[in-house]
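A.B. asks: Quick one: the structure is below, questions incoming.
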Amino acid sequence: MQNPTRSFAAALAAGALLFTAACSSDSDAAAVTEPTSGARAVIEPGESNPMIAQGVEISGDATVYKSSGIGPTAMNDEAPEGSPESYIDTDQFSGGTLPDGVTVTEAQGIGVLKKIRDNLEDQGYSLEDVVTMRVFLDNAPGTDRADYTGWNRAYRQFFANTNLDTEETELVPMGTAEPAAPIERNSARPSRFALEVATLPVQGWLVEVEVDAVK
């Protein structure tokens, strides 16, 4: 049986792979970051702190790790089992009590990204190695639209929070609180899509994320 790892490496060696982000613009005029960990991100011209890359080019000799979809862990015993509130990250939000303006999607997103960080580190990677991200959001009960704003606040706690020109850490809001240092300093700009789905596989999940990391 052919080794799937070698097959994938051979496919990469045949040519660089370009992962496009969920946005469109003139990539010919786009700037690129310096290659790191076998990949380079294509960035919108003139942007010093964009949220995502237009695309990511992966070199032929890179090793790629692809995570499964990861959702939040049930941590909040004060909430009904299977409710979105039961999946609030109580390490971040003691007792499951959310500060002003912090949404359940935001709180779940923070928990999910912590789990992704742990998953990557177990395999010898880090959040800085993430080049592509796929995000699936369910709308919270009583709402008719996924909470993209809350998700993006959670995302900025772990990604795209460093100015590419000055290398200074950008302050990030959590809910309506004054912006503060992010949970994880990280300059990586993955290509990314985020979309609303009708349901996620575990009752109470509002966020599920999978990533590709490269080194």
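So you can find residues: chains in the structure tokens are A, B, ... in the order shown, residues in each start at 1, and ligands are numbered from 1 in order.
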As a list in words, which residues of stretch 89-172 of chain A does DSSP assign to strand (DSSP E)?
C.D. replies: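 The strand (DSSP E) residues within stretch 89-172 of chain A come out as Val130, Val131, Thr132, Met133, Arg134, Val135, Phe136 and Leu137 of chain A.
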A.B. asks: Within stretch 52-140 of chain A, find each residue whose DSSP state, derived from the backbone, is helix (DSSP H, G or I), and express the selection as JSON, numbers by chain.
C.D. replies: {"A": [84, 85, 86, 87, 94, 95, 96, 104, 105, 106, 107, 108, 109, 110, 111, 112, 113, 114, 115, 116, 117, 118, 119, 120, 121, 122, 127, 128, 129]}
A.B. asks: Next, dump the selected residues to file, keeping only N, CA, C and O atoms, as a short mmCIF file (atom, residue, chain, number, x, y, z; two decimals), in the first residue's frame.
C.D. replies:
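File produced: part-v5.cif:
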```cif
data_model
loop_
_atom_site.label_atom_id
_atom_site.label_comp_id
_atom_site.auth_asym_id
_atom_site.auth_seq_id
_atom_site.Cartn_x
_atom_site.Cartn_y
_atom_site.Cartn_z
N PRO A 84 -25.65 25.89 24.76
CA PRO A 84 -24.46 26.63 24.34
C PRO A 84 -23.66 27.16 25.52
O PRO A 84 -22.42 27.17 25.49
N GLU A 85 -24.35 27.56 26.58
CA GLU A 85 -23.66 28.12 27.75
C GLU A 85 -22.81 27.07 28.46
O GLU A 85 -21.84 27.41 29.14
N SER A 86 -23.16 25.79 28.31
CA SER A 86 -22.38 24.74 28.97
C SER A 86 -21.00 24.59 28.35
O SER A 86 -20.11 23.97 28.95
N TYR A 87 -20.80 25.16 27.16
CA TYR A 87 -19.52 25.06 26.46
C TYR A 87 -18.69 26.34 26.58
O TYR A 87 -17.74 26.53 25.83
N SER A 94 -14.47 32.65 34.64
CA SER A 94 -14.71 31.92 35.88
C SER A 94 -16.21 31.80 36.17
O SER A 94 -16.96 32.78 36.09
N GLY A 95 -16.63 30.57 36.49
CA GLY A 95 -18.03 30.34 36.82
C GLY A 95 -18.96 30.41 35.63
O GLY A 95 -20.17 30.32 35.80
N GLY A 96 -18.41 30.58 34.43
CA GLY A 96 -19.25 30.68 33.24
C GLY A 96 -19.95 32.01 33.09
O GLY A 96 -20.82 32.17 32.24
N VAL A 104 -21.71 34.25 23.75
CA VAL A 104 -21.43 32.83 23.92
C VAL A 104 -20.55 32.33 22.77
O VAL A 104 -19.65 31.51 22.98
N THR A 105 -20.80 32.81 21.56
CA THR A 105 -19.96 32.42 20.42
C THR A 105 -18.51 32.85 20.66
O THR A 105 -17.57 32.08 20.39
N GLU A 106 -18.32 34.06 21.15
CA GLU A 106 -16.97 34.54 21.44
C GLU A 106 -16.30 33.67 22.49
O GLU A 106 -15.14 33.26 22.34
N ALA A 107 -17.05 33.34 23.56
CA ALA A 107 -16.49 32.53 24.65
C ALA A 107 -16.17 31.12 24.16
O ALA A 107 -15.11 30.55 24.50
N GLN A 108 -17.07 30.53 23.35
CA GLN A 108 -16.78 29.22 22.78
C GLN A 108 -15.59 29.28 21.83
O GLN A 108 -14.75 28.38 21.82
N GLY A 109 -15.52 30.34 21.03
CA GLY A 109 -14.42 30.48 20.09
C GLY A 109 -13.07 30.51 20.79
O GLY A 109 -12.09 29.91 20.32
N ILE A 110 -13.00 31.21 21.91
CA ILE A 110 -11.76 31.25 22.68
C ILE A 110 -11.38 29.85 23.15
O ILE A 110 -10.22 29.42 23.05
N GLY A 111 -12.38 29.09 23.65
CA GLY A 111 -12.10 27.72 24.08
C GLY A 111 -11.64 26.83 22.94
O GLY A 111 -10.72 26.02 23.10
N VAL A 112 -12.26 26.97 21.77
CA VAL A 112 -11.88 26.17 20.61
C VAL A 112 -10.45 26.48 20.18
O VAL A 112 -9.65 25.57 19.91
N LEU A 113 -10.09 27.75 20.13
CA LEU A 113 -8.75 28.11 19.68
C LEU A 113 -7.69 27.68 20.69
O LEU A 113 -6.56 27.35 20.30
N LYS A 114 -8.03 27.64 21.96
CA LYS A 114 -7.10 27.07 22.95
C LYS A 114 -6.88 25.58 22.68
O LYS A 114 -5.75 25.08 22.76
N LYS A 115 -7.96 24.88 22.36
CA LYS A 115 -7.84 23.45 22.06
C LYS A 115 -7.02 23.22 20.80
O LYS A 115 -6.24 22.27 20.72
N ILE A 116 -7.19 24.09 19.79
CA ILE A 116 -6.38 23.97 18.58
C ILE A 116 -4.92 24.21 18.91
O ILE A 116 -4.03 23.49 18.42
N ARG A 117 -4.64 25.19 19.74
CA ARG A 117 -3.25 25.44 20.16
C ARG A 117 -2.66 24.19 20.82
O ARG A 117 -1.54 23.77 20.49
N ASP A 118 -3.41 23.57 21.72
CA ASP A 118 -2.92 22.37 22.39
C ASP A 118 -2.73 21.22 21.41
O ASP A 118 -1.74 20.47 21.49
N ASN A 119 -3.67 21.07 20.49
CA ASN A 119 -3.59 20.01 19.49
C ASN A 119 -2.33 20.17 18.64
O ASN A 119 -1.59 19.20 18.40
N LEU A 120 -2.06 21.39 18.21
CA LEU A 120 -0.88 21.65 17.38
C LEU A 120 0.40 21.39 18.18
O LEU A 120 1.35 20.76 17.67
N GLU A 121 0.44 21.88 19.40
CA GLU A 121 1.66 21.72 20.20
C GLU A 121 1.95 20.25 20.48
O GLU A 121 3.12 19.85 20.54
N ASP A 122 0.92 19.44 20.63
CA ASP A 122 1.11 17.99 20.83
C ASP A 122 1.80 17.35 19.63
O ASP A 122 2.47 16.31 19.77
N LEU A 127 0.57 27.86 16.87
CA LEU A 127 -0.40 28.69 16.17
C LEU A 127 0.24 29.49 15.05
O LEU A 127 -0.41 29.81 14.05
N GLU A 128 1.50 29.84 15.18
CA GLU A 128 2.19 30.61 14.15
C GLU A 128 2.35 29.80 12.86
O GLU A 128 2.60 30.38 11.80
N ASP A 129 2.23 28.48 12.95
CA ASP A 129 2.38 27.62 11.77
C ASP A 129 1.08 27.46 10.99
O ASP A 129 1.08 26.84 9.92
#
```
A.B. asks: Neighbouring residues of A:Gly71 were defined as those with any atom within 7 Å, considering only C-alpha atoms; residues of the same chain fewer than 5 positions away were excluded. Please report them as a list in words.
C.D. replies: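 Listed by chain and then number, they are Val112, Trp205, Val207, Glu208 and Val209 of chain A.
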A.B. asks: Measuring between only C-alpha atoms, which one of A:Glu170, A:Asp89, A:Asp138, A:Asp165 shows the shortest distance to A:Glu196?
C.D. replies: A:Asp138
A.B. asks: Can you tell me, as a list in words, what residues are no more than 10 Å from A:Met174 when counting only C-alpha atoms, ignoring any on the same chain fewer than 2 positions away?
C.D. replies: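 Answer for this query is Pro99, Asp100, Gly101, Val102, Thr103, Glu106, Ala107, Gly150, Arg153, Ala154, Arg156, Gln157, Leu171, Val172, Thr176, Ala177, Glu178, Pro179, Ala180 and Pro182 of chain A.
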A.B. asks: Write a file of the just-selected residues containing N, CA, C and O atoms, as an mmCIF file, in the first residue's frame.
C.D. replies:
```cif
data_model
loop_
_atom_site.group_PDB
_atom_site.id
_atom_site.type_symbol
_atom_site.label_atom_id
_atom_site.label_comp_id
_atom_site.auth_asym_id
_atom_site.auth_seq_id
_atom_site.Cartn_x
_atom_site.Cartn_y
_atom_site.Cartn_z
ATOM 1 N N PRO A 99 -18.342 38.576 30.865
ATOM 2 C CA PRO A 99 -18.304 40.029 31.046
ATOM 3 C C PRO A 99 -19.218 40.733 30.046
ATOM 4 O O PRO A 99 -19.689 40.132 29.072
ATOM 5 N N ASP A 100 -19.454 42.010 30.272
ATOM 6 C CA ASP A 100 -20.340 42.789 29.406
ATOM 7 C C ASP A 100 -19.907 42.679 27.950
ATOM 8 O O ASP A 100 -18.737 42.904 27.612
ATOM 9 N N GLY A 101 -20.857 42.341 27.104
ATOM 10 C CA GLY A 101 -20.606 42.334 25.674
ATOM 11 C C GLY A 101 -19.972 41.076 25.136
ATOM 12 O O GLY A 101 -19.907 40.884 23.918
ATOM 13 N N VAL A 102 -19.461 40.197 25.999
ATOM 14 C CA VAL A 102 -18.878 38.941 25.524
ATOM 15 C C VAL A 102 -20.018 37.977 25.194
ATOM 16 O O VAL A 102 -20.871 37.701 26.038
ATOM 17 N N THR A 103 -20.049 37.483 23.986
ATOM 18 C CA THR A 103 -21.112 36.589 23.545
ATOM 19 C C THR A 103 -20.711 35.141 23.778
ATOM 20 O O THR A 103 -19.533 34.813 23.963
ATOM 21 N N GLU A 106 -18.317 34.061 21.146
ATOM 22 C CA GLU A 106 -16.969 34.544 21.440
ATOM 23 C C GLU A 106 -16.304 33.665 22.491
ATOM 24 O O GLU A 106 -15.139 33.261 22.340
ATOM 25 N N ALA A 107 -17.046 33.345 23.564
ATOM 26 C CA ALA A 107 -16.490 32.527 24.648
ATOM 27 C C ALA A 107 -16.166 31.116 24.163
ATOM 28 O O ALA A 107 -15.115 30.554 24.502
ATOM 29 N N GLY A 150 -18.595 38.274 17.211
ATOM 30 C CA GLY A 150 -18.041 37.620 18.389
ATOM 31 C C GLY A 150 -16.938 36.650 18.021
ATOM 32 O O GLY A 150 -15.903 36.574 18.705
ATOM 33 N N ARG A 153 -13.723 38.525 17.239
ATOM 34 C CA ARG A 153 -13.029 38.981 18.443
ATOM 35 C C ARG A 153 -12.234 37.836 19.067
ATOM 36 O O ARG A 153 -11.088 38.028 19.511
ATOM 37 N N ALA A 154 -12.829 36.648 19.107
ATOM 38 C CA ALA A 154 -12.110 35.488 19.638
ATOM 39 C C ALA A 154 -10.890 35.179 18.772
ATOM 40 O O ALA A 154 -9.797 34.892 19.292
ATOM 41 N N ARG A 156 -9.064 37.172 16.943
ATOM 42 C CA ARG A 156 -7.984 38.145 17.129
ATOM 43 C C ARG A 156 -7.253 37.960 18.460
ATOM 44 O O ARG A 156 -6.162 38.487 18.643
ATOM 45 N N GLN A 157 -7.829 37.195 19.378
ATOM 46 C CA GLN A 157 -7.115 36.884 20.611
ATOM 47 C C GLN A 157 -5.941 35.931 20.358
ATOM 48 O O GLN A 157 -5.019 35.848 21.171
ATOM 49 N N LEU A 171 -3.646 45.796 20.469
ATOM 50 C CA LEU A 171 -4.593 45.531 21.540
ATOM 51 C C LEU A 171 -5.891 44.992 20.949
ATOM 52 O O LEU A 171 -6.302 45.391 19.855
ATOM 53 N N VAL A 172 -6.535 44.085 21.668
ATOM 54 C CA VAL A 172 -7.709 43.385 21.146
ATOM 55 C C VAL A 172 -8.852 43.512 22.145
ATOM 56 O O VAL A 172 -8.671 43.276 23.340
ATOM 57 N N THR A 176 -17.210 44.251 25.313
ATOM 58 C CA THR A 176 -17.177 45.712 25.268
ATOM 59 C C THR A 176 -16.061 46.289 26.127
ATOM 60 O O THR A 176 -15.987 47.501 26.313
ATOM 61 N N ALA A 177 -15.190 45.421 26.646
ATOM 62 C CA ALA A 177 -14.090 45.893 27.484
ATOM 63 C C ALA A 177 -13.087 46.688 26.658
ATOM 64 O O ALA A 177 -13.019 46.563 25.428
ATOM 65 N N GLU A 178 -12.311 47.523 27.345
ATOM 66 C CA GLU A 178 -11.253 48.252 26.661
ATOM 67 C C GLU A 178 -10.265 47.263 26.054
ATOM 68 O O GLU A 178 -9.951 46.235 26.670
ATOM 69 N N PRO A 179 -9.768 47.529 24.854
ATOM 70 C CA PRO A 179 -8.800 46.614 24.242
ATOM 71 C C PRO A 179 -7.596 46.389 25.149
ATOM 72 O O PRO A 179 -7.129 47.292 25.829
ATOM 73 N N ALA A 180 -7.112 45.144 25.135
ATOM 74 C CA ALA A 180 -5.981 44.770 25.976
ATOM 75 C C ALA A 180 -5.093 43.807 25.197
ATOM 76 O O ALA A 180 -5.411 43.423 24.067
ATOM 77 N N PRO A 182 -3.584 40.598 23.664
ATOM 78 C CA PRO A 182 -4.297 39.365 23.305
ATOM 79 C C PRO A 182 -3.849 38.196 24.171
ATOM 80 O O PRO A 182 -2.802 38.247 24.824
#
```
A.B. asks: Pick out the closest residue to A:Leu206 from this set: A:Val64, A:Leu98, A:Ile70, A:Ala39. Count only C-alpha atoms.
C.D. replies: A:Ile70
A.B. asks: Show me, as a VMD selection string, the residues that have an atom within 12 Å of A:Leu195 when counting only C-alpha atoms, minus same-chain residues fewer than 2 positions from it.
C.D. replies: chain A and resid 22 133 to 139 145 to 148 151 192 to 193 197 to 200 206 to 209
A.B. asks: Filtering to C-alpha atoms, could you give me those residues as a tab-separated table (two decimals), in the first residue's frame?
C.D. replies:
```
chain	number	residue	atom	x	y	z
A	22	ALA	CA	-12.78	33.83	1.26
A	133	MET	CA	-8.53	27.85	8.70
A	134	ARG	CA	-12.10	26.71	8.10
A	135	VAL	CA	-14.71	27.98	10.55
A	136	PHE	CA	-18.28	26.72	10.94
A	137	LEU	CA	-20.71	28.75	13.06
A	138	ASP	CA	-24.22	27.99	14.26
A	139	ASN	CA	-26.50	30.82	15.31
A	145	ARG	CA	-27.67	34.86	12.15
A	146	ALA	CA	-24.30	33.49	13.20
A	147	ASP	CA	-22.29	35.77	15.48
A	148	TYR	CA	-19.43	36.64	13.14
A	151	TRP	CA	-16.10	34.97	16.50
A	192	ARG	CA	-9.74	31.52	6.06
A	193	PHE	CA	-13.41	31.08	5.47
A	197	VAL	CA	-24.33	26.14	9.04
A	198	ALA	CA	-27.76	24.80	9.95
A	199	THR	CA	-26.38	22.68	12.78
A	200	LEU	CA	-23.13	21.34	14.23
A	206	LEU	CA	-21.82	27.21	18.13
A	207	VAL	CA	-18.24	26.98	16.81
A	208	GLU	CA	-16.22	24.28	15.06
A	209	VAL	CA	-12.82	24.96	13.48
```
A.B. asks: Which neighbours of A:Val211 fall inside 6 Å, counting only C-alpha atoms, when residues of the same chain fewer than 2 positions from it are skipped, and could you give them as a ChimeraX atom specification?
C.D. replies: /A:66-67,132-133
A.B. asks: Rounded to one decimal in Å, what is the spacing between atom CA of A:Met51 and atom CA of A:Thr162?
C.D. replies: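 A separation of 10.2 Å between them.
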A.B. asks: In Å, rounded to a single decimal, give me how far atom CA of A:Gly204 is from atom CA of A:Gly82.
C.D. replies: 5.0 Å
A.B. asks: Rank nothing, just name the residue among A:Thr73, A:Val202, A:Val42, A:Leu164 nearest to A:Ile58, using only C-alpha atoms.
C.D. replies: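 Ranking A:Thr73, A:Val202, A:Val42, A:Leu164 by distance to A:Ile58, first place goes to A:Val42.
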A.B. asks: Taking only C-alpha atoms into account, name the residue in A:Thr166, A:Asn161, A:Ser83, A:Ser59 that is nearest to A:Ala188.
C.D. replies: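 Checking each of A:Thr166, A:Asn161, A:Ser83, A:Ser59 against A:Ala188, counting only C-alpha atoms, the winner is A:Asn161.
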